[in-house]
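Undergrad: File model05.txt below, compact mmCIF, C-alpha atoms:
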# COMPACT_ATOMS: atom_id res chain seq x y z
CA MET S 656 -24.21 -125.02 26.56
CA SER S 657 -26.22 -124.35 29.71
CA GLU S 658 -28.48 -121.86 27.94
CA HIS S 659 -29.65 -124.69 25.73
CA ARG S 660 -30.74 -126.69 28.70
CA HIS S 661 -33.27 -124.35 30.23
CA SER S 662 -36.85 -125.48 30.65
CA TYR S 663 -39.18 -125.24 27.69
CA ILE S 664 -42.31 -125.75 29.75
CA ALA S 665 -44.82 -122.95 29.21
CA ASN S 666 -46.22 -121.36 32.40
CA LYS S 667 -49.72 -122.52 31.62
CA SER S 668 -48.62 -126.13 31.19
CA LYS S 669 -46.32 -125.87 34.23
CA ASP S 670 -49.39 -125.57 36.47
CA ASP S 671 -50.98 -128.45 34.64
CA TYR S 672 -47.91 -130.66 35.19
CA LEU S 673 -47.79 -129.76 38.87
CA LYS S 674 -51.45 -130.66 39.25
CA ARG S 675 -50.94 -134.00 37.52
CA LEU S 676 -47.83 -134.78 39.56
CA ARG S 677 -49.61 -133.95 42.82
CA ARG S 678 -52.36 -136.35 41.83
CA ILE S 679 -49.73 -139.01 41.05
CA GLU S 680 -48.14 -138.35 44.46
CA GLY S 681 -51.62 -138.87 45.96
CA GLN S 682 -51.91 -142.16 44.08
CA ALA S 683 -48.59 -143.28 45.62
CA ARG S 684 -49.99 -142.49 49.07
CA GLY S 685 -53.24 -144.29 48.25
CA LEU S 686 -51.26 -147.37 47.30
CA GLN S 687 -49.46 -147.32 50.65
CA ARG S 688 -52.82 -147.21 52.38
CA MET S 689 -54.06 -150.16 50.31
CA VAL S 690 -50.97 -152.19 51.27
CA GLU S 691 -51.33 -151.14 54.93
CA GLU S 692 -54.98 -152.23 54.96
CA GLU S 693 -54.02 -155.49 53.24
CA GLN S 694 -56.37 -154.92 50.36
CA TYR S 695 -56.70 -157.45 47.60
CA CYS S 696 -53.61 -157.77 45.33
CA ILE S 697 -55.58 -157.43 42.12
CA ASP S 698 -57.18 -154.18 43.32
CA ILE S 699 -53.73 -152.83 44.22
CA LEU S 700 -52.44 -153.88 40.81
CA THR S 701 -55.31 -152.04 39.12
CA GLN S 702 -54.30 -148.87 40.96
CA VAL S 703 -50.64 -149.34 40.04
CA SER S 704 -51.66 -149.64 36.37
CA ALA S 705 -53.72 -146.43 36.60
CA MET S 706 -50.76 -144.63 38.17
CA THR S 707 -48.36 -145.95 35.52
CA LYS S 708 -50.70 -144.72 32.80
CA ALA S 709 -50.89 -141.26 34.42
CA LEU S 710 -47.08 -141.07 34.58
CA GLN S 711 -46.80 -142.18 30.98
CA ALA S 712 -49.21 -139.44 29.91
CA VAL S 713 -46.99 -136.89 31.70
CA SER S 714 -43.95 -138.23 29.81
CA LEU S 715 -45.71 -137.96 26.47
CA SER S 716 -46.80 -134.37 27.15
CA LEU S 717 -43.29 -133.38 28.24
CA LEU S 718 -41.78 -135.01 25.18
CA ASP S 719 -44.30 -133.34 22.91
CA GLU S 720 -43.49 -129.95 24.38
CA HIS S 721 -39.78 -130.67 24.19
CA LEU S 722 -39.94 -131.61 20.51
CA GLY S 723 -42.13 -128.63 19.66
CA HIS S 724 -39.92 -126.08 21.38
CA CYS S 725 -36.42 -127.18 22.06
CA VAL S 726 -35.86 -129.43 19.05
CA VAL S 727 -37.54 -127.05 16.59
CA GLU S 728 -35.54 -124.13 18.00
CA ALA S 729 -32.26 -126.01 17.69
CA ALA S 730 -33.12 -127.05 14.13
CA ARG S 731 -33.80 -123.45 13.21
CA ALA S 732 -30.60 -122.20 14.83
CA GLY S 733 -28.71 -124.72 12.69
CA GLY S 734 -25.27 -126.06 13.51
CA PRO S 735 -24.40 -129.24 15.40
CA GLU S 736 -26.80 -128.36 18.23
CA ALA S 737 -29.78 -129.77 16.31
CA GLU S 738 -28.12 -133.16 16.03
CA VAL S 739 -27.31 -133.19 19.74
CA LYS S 740 -30.93 -132.36 20.57
CA ILE S 741 -32.32 -135.05 18.27
CA LYS S 742 -29.98 -137.64 19.77
CA GLU S 743 -31.04 -136.59 23.26
CA ALA S 744 -34.74 -136.76 22.39
CA SER S 745 -34.33 -140.17 20.70
CA ASP S 746 -32.59 -141.51 23.78
CA ALA S 747 -35.40 -140.22 25.99
CA ILE S 748 -37.99 -141.85 23.70
CA ALA S 749 -36.10 -145.15 23.85
CA ARG S 750 -36.04 -145.03 27.67
CA LEU S 751 -39.75 -144.28 27.64
CA VAL S 752 -40.61 -147.11 25.27
CA ARG S 753 -38.53 -149.57 27.24
CA SER S 754 -39.79 -148.49 30.67
CA MET O 155 -66.51 -164.64 48.01
CA SER O 156 -64.96 -161.92 50.17
CA GLU O 157 -62.73 -164.38 51.99
CA HIS O 158 -61.07 -165.12 48.68
CA ARG O 159 -60.19 -161.51 48.22
CA HIS O 160 -58.05 -160.94 51.28
CA SER O 161 -54.49 -159.83 50.90
CA TYR O 162 -51.83 -162.40 50.16
CA ILE O 163 -48.97 -160.08 50.94
CA ALA O 164 -46.64 -161.57 53.55
CA ASN O 165 -45.78 -159.27 56.46
CA LYS O 166 -42.14 -159.21 55.52
CA SER O 167 -42.90 -158.14 51.97
CA LYS O 168 -45.54 -155.67 53.20
CA ASP O 169 -42.80 -153.56 54.77
CA ASP O 170 -40.77 -153.85 51.61
CA TYR O 171 -43.71 -152.64 49.47
CA LEU O 172 -44.34 -149.73 51.82
CA LYS O 173 -40.68 -148.72 51.61
CA ARG O 174 -40.73 -148.89 47.82
CA LEU O 175 -43.99 -146.95 47.58
CA ARG O 176 -42.69 -144.24 49.93
CA ARG O 177 -39.66 -143.89 47.69
CA ILE O 178 -41.97 -143.64 44.66
CA GLU O 179 -44.00 -140.98 46.48
CA GLY O 180 -40.72 -139.13 47.05
CA GLN O 181 -39.93 -139.39 43.35
CA ALA O 182 -43.33 -137.77 42.57
CA ARG O 183 -42.42 -134.91 44.91
CA GLY O 184 -38.96 -134.63 43.35
CA LEU O 185 -40.56 -134.31 39.93
CA GLN O 186 -42.77 -131.45 41.16
CA ARG O 187 -39.65 -129.67 42.39
CA MET O 188 -37.96 -130.18 39.01
CA VAL O 189 -40.96 -128.69 37.22
CA GLU O 190 -41.15 -125.81 39.73
CA GLU O 191 -37.46 -125.04 39.22
CA GLU O 192 -37.95 -125.24 35.46
CA GLN O 193 -35.30 -127.89 35.06
CA TYR O 194 -34.45 -129.29 31.66
CA CYS O 195 -37.21 -131.42 30.06
CA ILE O 196 -34.90 -134.30 29.25
CA ASP O 197 -33.71 -134.48 32.87
CA ILE O 198 -37.32 -134.51 34.04
CA LEU O 199 -38.11 -137.26 31.52
CA THR O 200 -35.20 -139.34 32.80
CA GLN O 201 -36.67 -139.12 36.30
CA VAL O 202 -40.14 -140.04 35.06
CA SER O 203 -38.67 -143.13 33.37
CA ALA O 204 -36.92 -144.14 36.60
CA MET O 205 -40.16 -143.72 38.53
CA THR O 206 -42.13 -145.74 35.93
CA LYS O 207 -39.57 -148.54 36.20
CA ALA O 208 -39.86 -148.54 39.99
CA LEU O 209 -43.65 -148.77 39.76
CA GLN O 210 -43.41 -151.57 37.23
CA ALA O 211 -41.11 -153.51 39.53
CA VAL O 212 -43.71 -153.17 42.31
CA SER O 213 -46.39 -154.54 39.94
CA LEU O 214 -44.27 -157.51 38.99
CA SER O 215 -43.55 -158.37 42.63
CA LEU O 216 -47.22 -158.08 43.55
CA LEU O 217 -48.21 -160.25 40.63
CA ASP O 218 -45.58 -162.82 41.48
CA GLU O 219 -46.83 -163.02 45.05
CA HIS O 220 -50.44 -163.16 43.88
CA LEU O 221 -49.75 -166.05 41.50
CA GLY O 222 -47.71 -167.93 44.08
CA HIS O 223 -50.30 -167.66 46.84
CA CYS O 224 -53.78 -166.83 45.70
CA VAL O 225 -53.78 -168.62 42.35
CA VAL O 226 -52.01 -171.72 43.66
CA GLU O 227 -54.39 -171.87 46.63
CA ALA O 228 -57.45 -171.58 44.42
CA ALA O 229 -56.10 -174.26 42.09
CA ARG O 230 -55.58 -176.60 45.02
CA ALA O 231 -59.04 -175.90 46.43
CA GLY O 232 -60.49 -176.92 43.06
CA GLY O 233 -63.86 -175.85 41.76
CA PRO O 234 -64.71 -172.86 39.60
CA GLU O 235 -62.74 -170.50 41.86
CA ALA O 236 -59.45 -171.40 40.15
CA GLU O 237 -60.79 -170.32 36.79
CA VAL O 238 -62.02 -167.02 38.21
CA LYS O 239 -58.61 -166.37 39.74
CA ILE O 240 -56.75 -167.18 36.51
CA LYS O 241 -59.05 -164.88 34.51
CA GLU O 242 -58.52 -162.12 37.06
CA ALA O 243 -54.74 -162.55 37.00
CA SER O 244 -54.67 -162.64 33.19
CA ASP O 245 -56.64 -159.40 33.05
CA ALA O 246 -54.24 -157.77 35.49
CA ILE O 247 -51.28 -158.93 33.38
CA ALA O 248 -52.91 -157.50 30.23
CA ARG O 249 -53.42 -154.14 31.94
CA LEU O 250 -49.80 -154.22 33.06
CA VAL O 251 -48.43 -155.06 29.63
CA ARG O 252 -50.53 -152.37 27.99
CA SER O 253 -49.80 -149.66 30.53
CA MET F 13 -39.02 -183.13 34.03
CA SER F 14 -39.62 -183.15 30.29
CA GLU F 15 -43.20 -184.33 30.66
CA HIS F 16 -43.93 -181.09 32.48
CA ARG F 17 -42.74 -179.08 29.56
CA HIS F 18 -45.11 -180.31 26.88
CA SER F 19 -47.39 -177.87 25.13
CA TYR F 20 -50.62 -176.89 26.83
CA ILE F 21 -52.08 -175.34 23.72
CA ALA F 22 -55.50 -176.81 22.91
CA ASN F 23 -55.95 -177.98 19.31
CA LYS F 24 -58.66 -175.43 18.66
CA SER F 25 -56.47 -172.56 19.84
CA LYS F 26 -53.46 -174.01 18.00
CA ASP F 27 -55.14 -173.24 14.68
CA ASP F 28 -56.02 -169.81 15.94
CA TYR F 29 -52.38 -169.11 16.92
CA LEU F 30 -51.14 -170.32 13.56
CA LYS F 31 -53.59 -168.03 11.78
CA ARG F 32 -52.53 -165.06 13.87
CA LEU F 33 -48.83 -165.80 13.39
CA ARG F 34 -49.27 -166.14 9.63
CA ARG F 35 -50.94 -162.74 9.60
CA ILE F 36 -48.04 -161.33 11.64
CA GLU F 37 -45.60 -162.89 9.15
CA GLY F 38 -47.59 -161.14 6.40
CA GLN F 39 -47.26 -157.85 8.28
CA ALA F 40 -43.48 -158.32 8.37
CA ARG F 41 -43.50 -158.80 4.60
CA GLY F 42 -45.77 -155.77 4.15
CA LEU F 43 -43.28 -153.69 6.12
CA GLN F 44 -40.44 -154.78 3.84
CA ARG F 45 -42.50 -153.67 0.85
CA MET F 46 -43.16 -150.29 2.50
CA VAL F 47 -39.43 -149.79 3.10
CA GLU F 48 -38.62 -150.93 -0.47
CA GLU F 49 -41.13 -148.45 -1.90
CA GLU F 50 -39.73 -145.73 0.36
CA GLN F 51 -43.08 -145.03 1.93
CA TYR F 52 -43.47 -142.34 4.54
CA CYS F 53 -41.77 -143.11 7.90
CA ILE F 54 -44.83 -142.31 9.97
CA ASP F 55 -46.96 -144.72 7.92
CA ILE F 56 -44.33 -147.42 8.38
CA LEU F 57 -44.27 -146.69 12.12
CA THR F 58 -48.06 -147.03 12.29
CA GLN F 59 -47.76 -150.49 10.75
CA VAL F 60 -44.98 -151.48 13.13
CA SER F 61 -47.20 -150.45 16.07
CA ALA F 62 -50.08 -152.55 14.71
CA MET F 63 -47.76 -155.53 14.33
CA THR F 64 -46.37 -155.07 17.85
CA LYS F 65 -49.91 -154.98 19.25
CA ALA F 66 -50.79 -158.20 17.37
CA LEU F 67 -47.71 -159.92 18.79
CA GLN F 68 -48.52 -158.70 22.27
CA ALA F 69 -52.04 -160.11 21.98
CA VAL F 70 -50.53 -163.49 21.04
CA SER F 71 -48.31 -163.34 24.14
CA LEU F 72 -51.23 -162.55 26.40
CA SER F 73 -53.29 -165.44 25.01
CA LEU F 74 -50.39 -167.86 25.39
CA LEU F 75 -49.78 -166.72 28.93
CA ASP F 76 -53.45 -166.98 29.79
CA GLU F 77 -53.55 -170.54 28.48
CA HIS F 78 -50.33 -171.39 30.26
CA LEU F 79 -51.60 -170.12 33.62
CA GLY F 80 -54.95 -171.86 33.20
CA HIS F 81 -53.48 -175.25 32.31
CA CYS F 82 -49.89 -175.72 33.25
CA VAL F 83 -49.76 -173.64 36.42
CA VAL F 84 -53.12 -174.88 37.71
CA GLU F 85 -52.09 -178.49 37.01
CA ALA F 86 -48.79 -178.08 38.83
CA ALA F 87 -50.53 -176.45 41.78
CA ARG F 88 -52.93 -179.37 42.01
CA ALA F 89 -50.16 -181.94 41.72
CA GLY F 90 -48.48 -180.24 44.69
CA GLY F 91 -44.81 -180.48 45.53
CA PRO F 92 -42.03 -178.14 44.45
CA GLU F 93 -43.18 -178.22 40.81
CA ALA F 94 -45.83 -175.53 41.45
CA GLU F 95 -43.21 -173.12 42.70
CA VAL F 96 -41.00 -173.77 39.68
CA LYS F 97 -43.93 -173.12 37.36
CA ILE F 98 -44.92 -169.89 39.12
CA LYS F 99 -41.34 -168.63 38.97
CA GLU F 100 -41.18 -169.49 35.27
CA ALA F 101 -44.50 -167.74 34.55
CA SER F 102 -43.47 -164.65 36.56
CA ASP F 103 -40.22 -164.43 34.61
CA ALA F 104 -42.13 -164.67 31.33
CA ILE F 105 -44.51 -161.92 32.48
CA ALA F 106 -41.56 -159.70 33.44
CA ARG F 107 -39.99 -160.19 29.99
CA LEU F 108 -43.33 -159.34 28.42
CA VAL F 109 -43.87 -156.20 30.47
CA ARG F 110 -40.34 -154.99 29.77
CA SER F 111 -40.39 -155.76 26.06
CA MET A 1252 -48.32 -131.87 0.72
CA SER A 1253 -47.29 -135.18 -0.85
CA GLU A 1254 -43.70 -134.01 -1.31
CA HIS A 1255 -43.45 -133.70 2.45
CA ARG A 1256 -44.41 -137.30 2.89
CA HIS A 1257 -41.63 -139.00 0.94
CA SER A 1258 -39.36 -141.42 2.68
CA TYR A 1259 -36.46 -140.07 4.69
CA ILE A 1260 -34.73 -143.41 4.96
CA ALA A 1261 -31.15 -143.24 3.72
CA ASN A 1262 -30.16 -145.95 1.23
CA LYS A 1263 -27.60 -147.41 3.56
CA SER A 1264 -30.14 -147.74 6.38
CA LYS A 1265 -32.79 -149.01 3.94
CA ASP A 1266 -30.76 -152.20 3.45
CA ASP A 1267 -30.31 -152.47 7.17
CA TYR A 1268 -34.08 -152.17 7.78
CA LEU A 1269 -34.80 -154.79 5.14
CA LYS A 1270 -32.34 -157.17 6.74
CA ARG A 1271 -33.87 -156.64 10.16
CA LEU A 1272 -37.41 -157.06 8.84
CA ARG A 1273 -36.49 -160.28 7.00
CA ARG A 1274 -35.08 -161.61 10.26
CA ILE A 1275 -38.33 -160.61 12.03
CA GLU A 1276 -40.32 -162.38 9.29
CA GLY A 1277 -38.17 -165.45 9.95
CA GLN A 1278 -38.96 -165.19 13.66
CA ALA A 1279 -42.70 -165.20 12.81
CA ARG A 1280 -42.16 -168.39 10.79
CA GLY A 1281 -40.11 -169.90 13.61
CA LEU A 1282 -42.97 -169.23 16.01
CA GLN A 1283 -45.41 -171.04 13.73
CA ARG A 1284 -43.10 -174.04 13.73
CA MET A 1285 -42.90 -173.95 17.53
CA VAL A 1286 -46.70 -173.92 17.78
CA GLU A 1287 -46.97 -176.71 15.16
CA GLU A 1288 -44.51 -178.85 17.09
CA GLU A 1289 -46.38 -178.10 20.31
CA GLN A 1290 -43.33 -176.75 22.00
CA TYR A 1291 -43.47 -175.51 25.57
CA CYS A 1292 -45.50 -172.28 26.08
CA ILE A 1293 -42.78 -170.54 28.04
CA ASP A 1294 -40.24 -171.20 25.28
CA ILE A 1295 -42.68 -169.80 22.71
CA LEU A 1296 -43.26 -166.76 24.92
CA THR A 1297 -39.51 -166.18 25.16
CA GLN A 1298 -39.33 -166.11 21.36
CA VAL A 1299 -42.31 -163.73 21.14
CA SER A 1300 -40.54 -161.37 23.57
CA ALA A 1301 -37.36 -161.48 21.46
CA MET A 1302 -39.37 -160.71 18.34
CA THR A 1303 -41.22 -157.84 20.05
CA LYS A 1304 -37.89 -156.37 21.15
CA ALA A 1305 -36.54 -156.60 17.58
CA LEU A 1306 -39.63 -154.82 16.24
CA GLN A 1307 -39.35 -152.14 18.89
CA ALA A 1308 -35.72 -151.53 17.93
CA VAL A 1309 -36.83 -151.03 14.32
CA SER A 1310 -39.43 -148.48 15.48
CA LEU A 1311 -36.88 -146.56 17.50
CA SER A 1312 -34.45 -146.41 14.56
CA LEU A 1313 -37.18 -145.26 12.19
CA LEU A 1314 -38.32 -142.61 14.63
CA ASP A 1315 -34.78 -141.43 15.19
CA GLU A 1316 -34.23 -141.08 11.46
CA HIS A 1317 -37.58 -139.35 11.05
CA LEU A 1318 -36.84 -136.78 13.75
CA GLY A 1319 -33.34 -136.16 12.42
CA HIS A 1320 -34.42 -135.61 8.84
CA CYS A 1321 -38.06 -134.84 8.36
CA VAL A 1322 -38.73 -132.90 11.55
CA VAL A 1323 -35.47 -130.93 11.38
CA GLU A 1324 -36.12 -130.08 7.71
CA ALA A 1325 -39.65 -128.91 8.43
CA ALA A 1326 -38.42 -126.81 11.35
CA ARG A 1327 -35.83 -125.15 9.11
CA ALA A 1328 -38.35 -124.52 6.33
CA GLY A 1329 -40.52 -122.71 8.89
CA GLY A 1330 -44.25 -122.16 8.56
CA PRO A 1331 -47.04 -124.36 9.91
CA GLU A 1332 -45.46 -127.52 8.46
CA ALA A 1333 -43.11 -127.86 11.46
CA GLU A 1334 -46.04 -127.98 13.85
CA VAL A 1335 -47.80 -130.60 11.74
CA LYS A 1336 -44.65 -132.74 11.70
CA ILE A 1337 -44.15 -132.46 15.46
CA LYS A 1338 -47.78 -133.41 16.10
CA GLU A 1339 -47.41 -136.39 13.77
CA ALA A 1340 -44.18 -137.53 15.42
CA SER A 1341 -45.67 -137.12 18.91
CA ASP A 1342 -48.65 -139.24 17.93
CA ALA A 1343 -46.35 -141.93 16.56
CA ILE A 1344 -44.34 -141.89 19.80
CA ALA A 1345 -47.54 -142.22 21.84
CA ARG A 1346 -48.62 -145.23 19.77
CA LEU A 1347 -45.19 -146.73 20.26
CA VAL A 1348 -45.15 -146.20 24.02
CA ARG A 1349 -48.64 -147.62 24.39
CA SER A 1350 -48.08 -150.64 22.14
Please rewrite the model in this file as structure tokens.

TA:
Amino acid sequence: MSEHRHSYIANKSKDDYLKRLRRIEGQARGLQRMVEEEQYCIDILTQVSAMTKALQAVSLSLLDEHLGHCVVEAARAGGPEAEVKIKEASDAIARLVRS
Amino acid sequence: MSEHRHSYIANKSKDDYLKRLRRIEGQARGLQRMVEEEQYCIDILTQVSAMTKALQAVSLSLLDEHLGHCVVEAARAGGPEAEVKIKEASDAIARLVRS
Amino acid sequence: MSEHRHSYIANKSKDDYLKRLRRIEGQARGLQRMVEEEQYCIDILTQVSAMTKALQAVSLSLLDEHLGHCVVEAARAGGPEAEVKIKEASDAIARLVRS
Amino acid sequence: MSEHRHSYIANKSKDDYLKRLRRIEGQARGLQRMVEEEQYCIDILTQVSAMTKALQAVSLSLLDEHLGHCVVEAARAGGPEAEVKIKEASDAIARLVRS
């Protein structure tokens, strides 16, 4: 089954994800600085919301890519694999919606 | 007005926030590694959900502290300040709920 | 304690809430019709999202009103009641953010 | 294209959706009663959260069914239709996550 679990991230979008995740890492550091400097709670909260939105956008892109590659591929290959992949994707969507 | 915008984070919870934010920063780095190593999309998504939940928990703690200190203080002081604080807190809650 | 648990909804906004909730009830009926008529899943999902957003807006208005009246009043009254109210509001916000 | 937009809801789950949506409609009526009777804001908010969760569960089931039927079918049929379906599903997921 391991061959069905390789990454489906295209090289071009890989760089894009890394760039976005580095920016998110920078936001996490910025928040530490704001807490250190005892900045105003509401301003910190605004930054946390921006960071949450950025993370959510990464999730949606990953999910989109996953559905378009992995799920479509499994559906075309036929067999029980497609069902497994759909279940897995649905579970990931549920975690996303609830987080 | 600036004196009403100082931090209301207690020293004890300041350390706790910094610890949580450092862990979140670590999660952002972990995600970059997962993308670099072309790990499976669904596993990456699971980590993104965990990180989003951690961030959300930070927001809720900050908001809780803000309501308990800043809003209560403004309410006690009386005057238009209380209304400003409530509006500000409500807006932050709306951003949180929608993010 | 019961006198601290009466409604803080102003009469003017009470009518507004009732109007919004009747519309939401209508959306729930509209969704049943869509399912009955076997309409397209994605169109049904779009309606569910609209209804969820409408409900969320009701929550945010209620919370706003609650903070502005009940929490402010408790803070002014002083004593342990303010803390109870803040805890209660924070818990409601957490449920909202996680739902 | 219209034949690709028919409902993919199985008859068995159709009844289940109708039952869930009738219960949600009942929750909307219950909320109106709570507002009418000027019940406590926090209690109303708790009910709104429960209703939002119920709606969200309906969305997730619909999406699951949609991915498992419509998207898989389109992927198997091949051609540009699969891409259209994935795009449509991704957009619905984004609306869900953001609502």

Undergrad: Compute the chain S side of the contact with chain O at 8 Å, counting all atoms listed in the file, and hand it back as JSON, numbers by chain.

TA: {"S": [660, 661, 662, 663, 664, 669, 672, 673, 676, 677, 679, 680, 681, 683, 684, 686, 687, 690, 691, 693, 694, 695, 696, 697, 700, 701, 703, 704, 705, 707, 708, 710, 711, 714, 717, 718, 721, 743, 744, 747, 750, 751, 754]}

Undergrad: Hey, can you spit out that residue selection with C-alpha atoms as an mmCIF file, in the frame of the given file?

TA:
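Produced file result-v2.cif, reproduced below:
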data_model
loop_
_atom_site.group_PDB
_atom_site.id
_atom_site.type_symbol
_atom_site.label_atom_id
_atom_site.label_comp_id
_atom_site.auth_asym_id
_atom_site.auth_seq_id
_atom_site.Cartn_x
_atom_site.Cartn_y
_atom_site.Cartn_z
ATOM 1 C CA ARG S 660 -30.740 -126.690 28.700
ATOM 2 C CA HIS S 661 -33.270 -124.350 30.230
ATOM 3 C CA SER S 662 -36.850 -125.480 30.650
ATOM 4 C CA TYR S 663 -39.180 -125.240 27.690
ATOM 5 C CA ILE S 664 -42.310 -125.750 29.750
ATOM 6 C CA LYS S 669 -46.320 -125.870 34.230
ATOM 7 C CA TYR S 672 -47.910 -130.660 35.190
ATOM 8 C CA LEU S 673 -47.790 -129.760 38.870
ATOM 9 C CA LEU S 676 -47.830 -134.780 39.560
ATOM 10 C CA ARG S 677 -49.610 -133.950 42.820
ATOM 11 C CA ILE S 679 -49.730 -139.010 41.050
ATOM 12 C CA GLU S 680 -48.140 -138.350 44.460
ATOM 13 C CA GLY S 681 -51.620 -138.870 45.960
ATOM 14 C CA ALA S 683 -48.590 -143.280 45.620
ATOM 15 C CA ARG S 684 -49.990 -142.490 49.070
ATOM 16 C CA LEU S 686 -51.260 -147.370 47.300
ATOM 17 C CA GLN S 687 -49.460 -147.320 50.650
ATOM 18 C CA VAL S 690 -50.970 -152.190 51.270
ATOM 19 C CA GLU S 691 -51.330 -151.140 54.930
ATOM 20 C CA GLU S 693 -54.020 -155.490 53.240
ATOM 21 C CA GLN S 694 -56.370 -154.920 50.360
ATOM 22 C CA TYR S 695 -56.700 -157.450 47.600
ATOM 23 C CA CYS S 696 -53.610 -157.770 45.330
ATOM 24 C CA ILE S 697 -55.580 -157.430 42.120
ATOM 25 C CA LEU S 700 -52.440 -153.880 40.810
ATOM 26 C CA THR S 701 -55.310 -152.040 39.120
ATOM 27 C CA VAL S 703 -50.640 -149.340 40.040
ATOM 28 C CA SER S 704 -51.660 -149.640 36.370
ATOM 29 C CA ALA S 705 -53.720 -146.430 36.600
ATOM 30 C CA THR S 707 -48.360 -145.950 35.520
ATOM 31 C CA LYS S 708 -50.700 -144.720 32.800
ATOM 32 C CA LEU S 710 -47.080 -141.070 34.580
ATOM 33 C CA GLN S 711 -46.800 -142.180 30.980
ATOM 34 C CA SER S 714 -43.950 -138.230 29.810
ATOM 35 C CA LEU S 717 -43.290 -133.380 28.240
ATOM 36 C CA LEU S 718 -41.780 -135.010 25.180
ATOM 37 C CA HIS S 721 -39.780 -130.670 24.190
ATOM 38 C CA GLU S 743 -31.040 -136.590 23.260
ATOM 39 C CA ALA S 744 -34.740 -136.760 22.390
ATOM 40 C CA ALA S 747 -35.400 -140.220 25.990
ATOM 41 C CA ARG S 750 -36.040 -145.030 27.670
ATOM 42 C CA LEU S 751 -39.750 -144.280 27.640
ATOM 43 C CA SER S 754 -39.790 -148.490 30.670
#

Undergrad: Using Å and a single decimal, report how far CA of Glu1324 (chain A) sits from CA of Ala1308 (chain A).

TA: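 Atom-to-atom, CA of Ala1308 (chain A) to CA of Glu1324 (chain A), that is 23.8 Å.
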
Undergrad: I'd like the interatomic distance between CA of Ser215 (chain O) and CA of Gly90 (chain F), to a tenth of an Å.

TA: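 Answer for the CA of Ser215 (chain O) to CA of Gly90 (chain F) separation: 22.5 Å.
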
Undergrad: Could you work out how far CA of Glu237 (chain O) lies from CA of Gly80 (chain F), giving the answer in Å with one decimal?

TA: 7.0 Å

Undergrad: Working from the structure I just supplied, which lacks atoms in region 1310-1320 of chain A, can you model N, CA, C and O atoms there and output them as a PDB file, keeping the file's coordinate frame?

TA:
ATOM      1  N   SER A1310     -38.655-149.712  15.267  1.00  0.00           N
ATOM      2  CA  SER A1310     -39.430-148.480  15.480  1.00  0.00           C
ATOM      3  C   SER A1310     -38.552-147.336  15.940  1.00  0.00           C
ATOM      4  O   SER A1310     -38.667-146.214  15.449  1.00  0.00           O
ATOM      5  N   LEU A1311     -37.706-147.629  16.926  1.00  0.00           N
ATOM      6  CA  LEU A1311     -36.880-146.560  17.500  1.00  0.00           C
ATOM      7  C   LEU A1311     -35.910-146.013  16.462  1.00  0.00           C
ATOM      8  O   LEU A1311     -35.697-144.802  16.388  1.00  0.00           O
ATOM      9  N   SER A1312     -35.358-146.889  15.619  1.00  0.00           N
ATOM     10  CA  SER A1312     -34.450-146.410  14.560  1.00  0.00           C
ATOM     11  C   SER A1312     -35.197-145.555  13.552  1.00  0.00           C
ATOM     12  O   SER A1312     -34.710-144.504  13.128  1.00  0.00           O
ATOM     13  N   LEU A1313     -36.381-146.025  13.163  1.00  0.00           N
ATOM     14  CA  LEU A1313     -37.180-145.260  12.190  1.00  0.00           C
ATOM     15  C   LEU A1313     -37.531-143.875  12.741  1.00  0.00           C
ATOM     16  O   LEU A1313     -37.440-142.873  12.042  1.00  0.00           O
ATOM     17  N   LEU A1314     -37.913-143.856  14.000  1.00  0.00           N
ATOM     18  CA  LEU A1314     -38.320-142.610  14.630  1.00  0.00           C
ATOM     19  C   LEU A1314     -37.138-141.662  14.723  1.00  0.00           C
ATOM     20  O   LEU A1314     -37.259-140.453  14.475  1.00  0.00           O
ATOM     21  N   ASP A1315     -36.010-142.201  15.075  1.00  0.00           N
ATOM     22  CA  ASP A1315     -34.780-141.430  15.190  1.00  0.00           C
ATOM     23  C   ASP A1315     -34.457-140.774  13.848  1.00  0.00           C
ATOM     24  O   ASP A1315     -34.211-139.566  13.761  1.00  0.00           O
ATOM     25  N   GLU A1316     -34.509-141.572  12.813  1.00  0.00           N
ATOM     26  CA  GLU A1316     -34.230-141.080  11.460  1.00  0.00           C
ATOM     27  C   GLU A1316     -35.261-140.024  11.062  1.00  0.00           C
ATOM     28  O   GLU A1316     -34.928-138.988  10.488  1.00  0.00           O
ATOM     29  N   HIS A1317     -36.513-140.286  11.394  1.00  0.00           N
ATOM     30  CA  HIS A1317     -37.580-139.350  11.050  1.00  0.00           C
ATOM     31  C   HIS A1317     -37.373-137.998  11.734  1.00  0.00           C
ATOM     32  O   HIS A1317     -37.508-136.951  11.105  1.00  0.00           O
ATOM     33  N   LEU A1318     -37.059-138.040  13.026  1.00  0.00           N
ATOM     34  CA  LEU A1318     -36.840-136.780  13.750  1.00  0.00           C
ATOM     35  C   LEU A1318     -35.649-136.040  13.166  1.00  0.00           C
ATOM     36  O   LEU A1318     -35.689-134.840  12.946  1.00  0.00           O
ATOM     37  N   GLY A1319     -34.588-136.775  12.894  1.00  0.00           N
ATOM     38  CA  GLY A1319     -33.340-136.160  12.420  1.00  0.00           C
ATOM     39  C   GLY A1319     -33.441-135.584  11.021  1.00  0.00           C
ATOM     40  O   GLY A1319     -32.727-134.642  10.683  1.00  0.00           O
ATOM     41  N   HIS A1320     -34.324-136.114  10.203  1.00  0.00           N
ATOM     42  CA  HIS A1320     -34.420-135.610   8.840  1.00  0.00           C
ATOM     43  C   HIS A1320     -35.673-134.778   8.659  1.00  0.00           C
ATOM     44  O   HIS A1320     -35.621-133.573   8.521  1.00  0.00           O
TER      45      HIS A1320
END
